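Structure file run_37.txt with compact mmCIF, C-alpha atoms and all ligand atoms:
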```txt
# COMPACT_ATOMS: atom_id res chain seq x y z
CA MET M 1 -6.32 -21.23 -6.32
CA LYS M 2 -4.90 -18.43 -8.42
CA LEU M 3 -4.07 -15.00 -7.01
CA ILE M 4 -3.21 -12.03 -9.20
CA ILE M 5 -0.69 -9.91 -7.35
CA ASN M 6 1.17 -7.00 -8.91
CA ASP M 7 0.04 -8.18 -12.37
CA ARG M 8 1.57 -11.61 -11.83
CA GLU M 9 -0.26 -14.88 -11.27
CA TYR M 10 0.53 -16.96 -8.19
CA GLU M 11 -0.82 -20.42 -7.42
CA VAL M 12 -1.57 -20.91 -3.72
CA SER M 13 -3.24 -23.73 -1.82
CA ASP M 14 -6.96 -23.32 -1.21
CA GLU M 15 -7.02 -26.06 1.42
CA ASN M 16 -7.92 -23.47 4.04
CA PRO M 17 -9.93 -20.64 2.41
CA HIS M 18 -10.12 -18.84 5.76
CA ARG M 19 -6.38 -18.17 5.66
CA VAL M 20 -5.82 -14.44 5.37
CA LEU M 21 -3.88 -12.71 2.63
CA LEU M 22 -1.26 -11.25 4.98
CA TRP M 23 0.26 -14.63 5.81
CA VAL M 24 0.14 -15.84 2.24
CA LEU M 25 2.01 -12.73 1.10
CA ARG M 26 4.61 -12.79 3.83
CA ASP M 27 5.15 -16.47 4.56
CA GLU M 28 4.40 -18.18 1.27
CA LEU M 29 5.15 -15.71 -1.49
CA GLY M 30 8.01 -13.78 0.08
CA LEU M 31 6.25 -10.43 -0.38
CA ALA M 32 7.27 -9.25 3.06
CA GLY M 33 6.90 -5.54 2.34
CA THR M 34 3.36 -5.90 3.68
CA ARG M 35 3.74 -5.68 7.44
CA PHE M 36 2.12 -7.40 10.37
CA GLY M 37 1.19 -4.96 13.10
CA CYS M 38 -1.88 -5.84 15.13
CA GLY M 39 -3.46 -8.65 13.13
CA VAL M 40 -6.98 -7.44 13.96
CA GLY M 41 -7.59 -4.65 11.48
CA MET M 42 -6.70 -1.78 13.78
CA CYS M 43 -3.30 -0.41 12.73
CA GLY M 44 -3.17 -0.41 8.91
CA ALA M 45 0.38 -1.76 8.67
CA CYS M 46 -0.85 -4.59 6.43
CA THR M 47 -2.69 -2.37 3.93
CA VAL M 48 -2.67 -3.55 0.30
CA HIS M 49 -4.97 -2.75 -2.62
CA VAL M 50 -7.72 -5.18 -3.62
CA ASN M 51 -9.25 -4.02 -6.89
CA GLY M 52 -7.81 -0.57 -6.19
CA VAL M 53 -9.29 -0.26 -2.71
CA ALA M 54 -7.07 0.03 0.38
CA THR M 55 -7.69 -3.22 2.23
CA ARG M 56 -6.33 -4.76 5.43
CA ALA M 57 -4.58 -7.96 4.43
CA CYS M 58 -4.87 -9.32 7.97
CA LEU M 59 -8.66 -9.38 7.56
CA ALA M 60 -8.85 -10.55 3.93
CA PRO M 61 -9.58 -14.30 3.66
CA LEU M 62 -8.47 -16.04 0.49
CA SER M 63 -12.07 -17.10 -0.12
CA GLN M 64 -12.88 -13.48 -1.02
CA LEU M 65 -9.94 -12.93 -3.33
CA ALA M 66 -10.56 -15.17 -6.32
CA ASP M 67 -10.21 -13.03 -9.48
CA ALA M 68 -9.30 -9.96 -7.42
CA ARG M 69 -6.43 -7.77 -8.52
CA ILE M 70 -4.11 -7.32 -5.57
CA ARG M 71 -1.34 -4.77 -5.36
CA THR M 72 1.29 -4.67 -2.66
CA VAL M 73 4.05 -2.16 -1.96
CA GLU M 74 6.34 -4.27 -4.16
CA GLY M 75 4.05 -3.41 -7.08
CA LEU M 76 4.07 0.37 -6.69
CA ALA M 77 7.14 1.09 -8.83
CA ARG M 78 6.41 1.79 -12.48
CA PRO M 79 8.55 1.80 -15.60
CA GLY M 80 10.30 5.17 -15.97
CA PRO M 81 11.00 7.02 -19.23
CA ASP M 82 14.01 4.74 -19.80
CA GLY M 83 11.89 1.63 -19.25
CA ARG M 84 13.55 0.76 -15.96
CA PRO M 85 11.49 0.55 -12.74
CA ARG M 86 11.08 3.91 -11.06
CA LEU M 87 9.66 4.43 -7.57
CA HIS M 88 6.06 5.56 -7.49
CA PRO M 89 5.62 9.31 -6.78
CA VAL M 90 4.23 8.41 -3.34
CA GLN M 91 7.39 6.45 -2.54
CA ARG M 92 9.60 9.27 -3.82
CA ALA M 93 7.69 11.85 -1.82
CA PHE M 94 7.96 9.77 1.36
CA LEU M 95 11.73 9.58 0.80
CA ASP M 96 12.07 13.27 -0.12
CA VAL M 97 10.21 14.33 3.03
CA GLN M 98 12.12 11.70 5.03
CA VAL M 99 8.98 10.35 6.61
CA PRO M 100 10.14 6.98 7.97
CA GLN M 101 11.47 6.57 11.46
CA CYS M 102 11.46 2.84 12.30
CA GLY M 103 9.70 2.24 8.98
CA TRP M 104 7.32 -0.41 10.22
CA CYS M 105 4.08 1.31 9.22
CA MET M 106 5.39 2.79 5.98
CA SER M 107 4.22 0.31 3.37
CA GLY M 108 0.70 0.50 4.79
CA GLN M 109 0.88 4.30 4.84
CA MET M 110 2.03 4.43 1.24
CA MET M 111 -0.62 1.96 0.06
CA THR M 112 -3.36 4.00 1.75
CA ALA M 113 -1.92 7.22 0.29
CA THR M 114 -1.76 5.71 -3.20
CA ALA M 115 -5.36 4.54 -3.03
CA LEU M 116 -6.39 8.05 -1.93
CA LEU M 117 -4.56 9.74 -4.81
CA GLU M 118 -6.00 7.30 -7.33
CA ARG M 119 -9.54 8.25 -6.35
CA ASN M 120 -8.78 11.90 -5.55
CA PRO M 121 -5.61 13.23 -7.21
CA THR M 122 -5.96 16.69 -5.64
CA PRO M 123 -6.87 16.15 -1.98
CA THR M 124 -7.02 19.01 0.50
CA PRO M 125 -4.88 18.72 3.65
CA GLU M 126 -8.06 17.87 5.55
CA GLN M 127 -8.91 15.08 3.10
CA VAL M 128 -5.39 13.67 3.49
CA VAL M 129 -5.73 13.61 7.27
CA GLU M 130 -9.13 11.98 7.00
CA ALA M 131 -7.95 9.31 4.53
CA MET M 132 -4.82 8.47 6.54
CA ASP M 133 -6.59 8.59 9.88
CA ARG M 134 -6.79 4.83 10.43
CA ASN M 135 -3.14 4.10 9.66
CA TYR M 136 -1.23 4.29 12.91
CA CYS M 137 2.40 5.31 13.21
CA ARG M 138 3.87 4.49 16.58
CA CYS M 139 6.78 6.84 15.78
CA GLY M 140 4.35 9.73 15.37
CA THR M 141 5.35 10.85 11.88
CA TYR M 142 1.87 12.14 11.07
CA THR M 143 2.90 15.69 10.17
CA ARG M 144 5.44 14.42 7.66
CA ILE M 145 3.01 11.84 6.29
CA LYS M 146 0.56 14.62 5.48
CA LYS M 147 3.32 16.71 3.88
CA ALA M 148 4.51 13.73 1.81
CA VAL M 149 1.04 12.82 0.54
CA LEU M 150 0.48 16.41 -0.59
CA ALA M 151 3.94 16.43 -2.21
CA ALA M 152 3.08 13.17 -3.98
CA ALA M 153 -0.10 14.75 -5.34
CA ASP M 154 2.04 17.59 -6.78
CA LEU M 155 4.50 15.12 -8.28
CA LEU M 156 1.71 13.10 -9.86
CA ALA M 157 0.12 16.23 -11.30
CA ARG M 158 3.46 17.32 -12.82
CA GLU M 159 4.10 13.88 -14.27
CA THR M 160 0.69 13.60 -15.88
CA GLU M 161 0.84 17.07 -17.44
CA PRO M 162 0.73 16.86 -21.24
S1 LIG F 1 -1.89 -5.86 10.90
FE1 LIG F 1 -3.65 -5.54 9.71
S2 LIG F 1 -4.55 -3.74 10.50
FE2 LIG F 1 -2.90 -4.15 11.83
S1 LIG F 2 7.72 5.05 11.21
FE1 LIG F 2 7.74 3.77 12.96
S2 LIG F 2 5.70 3.10 13.14
FE2 LIG F 2 5.61 4.60 11.61
```

Rewrite the structure of this file - the entire thing - as structure tokens.
Amino acid sequence: MKLIINDREYEVSDENPHRVLLWVLRDELGLAGTRFGCGVGMCGACTVHVNGVATRACLAPLSQLADARIRTVEGLARPGPDGRPRLHPVQRAFLDVQVPQCGWCMSGQMMTATALLERNPTPTPEQVVEAMDRNYCRCGTYTRIKKAVLAAADLLARETEP
């Protein structure tokens, strides 16, 4: 079957349609930025976008992904003014605020944050906390995550100004 990931087509075996996206990304396609945390939908480390919606890859069977547009952390960077890839404002804000500790949860955090800002570009601090609430960080970086998501919203607003 065909998967569309980060605007690129991948051919993967559909022998077992119950296989979940997480293992296809990590073990077959080498897109290991998507992390394995709990494997049961609890931690959010495996969050990717499926048709723009933050989705847990450990719970997403291939059978539900035909024709879906999937985005992983590897697909967040965009072409900059010089045409070369530039980190997404969410990635830059997470670096500026120095959010990561061990880093394990970070791709899932950034994918959830990106999905939030795509549906609500000007979230309140409370809305950020609510949206990020189901992404766990065992290093406890929650205060900086909130600060970085709000900083990313500012960056996005500045970059989309006419
Ligand atoms: S690994 Fe998917 S939610 Fe934890
Ligand atoms: S930075 Fe270590 S789990 Fe979040």

Expected selection as an NGL selection string for ligand LIG 2 (chain F) within 6 Å, all atoms listed in the file: :M and (100-106 or 137-139)

For Leu116 in chain M, the closest of M:Ala60, M:Leu155, M:Ala54, M:Ile145 counting only C-alpha atoms is M:Ala54

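Among all protein and nucleic acid residues, the ones that lie within 10 Å of ligand LIG 1 (chain F) when counting only C-alpha atoms and all ligand atoms are Leu22, Thr34, Arg35, Phe36, Gly37, Cys38, Gly39, Val40, Gly41, Met42, Cys43, Gly44, Ala45, Cys46, Thr47, Val48, Thr55, Arg56, Ala57, Cys58, Leu59, Ala60, Cys105, Gly108, Arg134, Asn135 and Tyr136 of chain M.
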
Expected file: the selected residues, C-alpha atoms, as a short mmCIF file (atom, residue, chain, number, x, y, z; two decimals), keeping the file's coordinate frame:
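Below is the file part26.cif, written as the result:
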```cif
data_model
loop_
_atom_site.label_atom_id
_atom_site.label_comp_id
_atom_site.auth_asym_id
_atom_site.auth_seq_id
_atom_site.Cartn_x
_atom_site.Cartn_y
_atom_site.Cartn_z
CA LEU M 22 -1.26 -11.25 4.98
CA THR M 34 3.36 -5.90 3.68
CA ARG M 35 3.74 -5.68 7.44
CA PHE M 36 2.12 -7.40 10.37
CA GLY M 37 1.19 -4.96 13.10
CA CYS M 38 -1.88 -5.84 15.13
CA GLY M 39 -3.46 -8.65 13.13
CA VAL M 40 -6.98 -7.44 13.96
CA GLY M 41 -7.59 -4.65 11.48
CA MET M 42 -6.70 -1.78 13.78
CA CYS M 43 -3.30 -0.41 12.73
CA GLY M 44 -3.17 -0.41 8.91
CA ALA M 45 0.38 -1.76 8.67
CA CYS M 46 -0.85 -4.59 6.43
CA THR M 47 -2.69 -2.37 3.93
CA VAL M 48 -2.67 -3.55 0.30
CA THR M 55 -7.69 -3.22 2.23
CA ARG M 56 -6.33 -4.76 5.43
CA ALA M 57 -4.58 -7.96 4.43
CA CYS M 58 -4.87 -9.32 7.97
CA LEU M 59 -8.66 -9.38 7.56
CA ALA M 60 -8.85 -10.55 3.93
CA CYS M 105 4.08 1.31 9.22
CA GLY M 108 0.70 0.50 4.79
CA ARG M 134 -6.79 4.83 10.43
CA ASN M 135 -3.14 4.10 9.66
CA TYR M 136 -1.23 4.29 12.91
#
```

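Once only C-alpha atoms are considered, the residues situated within 7 Å of the file point (7.2, 13.2, 4.1) turn out to be M:Ala93, M:Phe94, M:Leu95, M:Asp96, M:Val97, M:Gln98, M:Val99, M:Arg144, M:Ile145, M:Lys146, M:Lys147, M:Ala148.
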
In Å to one decimal, how far is CA of Ala66 in chain M from CA of Pro17 in chain M? 10.3 Å

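Of the residues under consideration (M:Tyr10, M:Arg26, M:Met110, M:Ala32), M:Met110 shows the shortest atom-to-atom contact distance to Leu87 in chain M when counting all atoms listed in the file.
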
Got a sec: who's within 9 Å of Glu28 in chain M, counting only C-alpha atoms, leaving out chain neighbours fewer than 4 positions off, as JSON, numbers by chain? {"M": [12, 23, 24]}
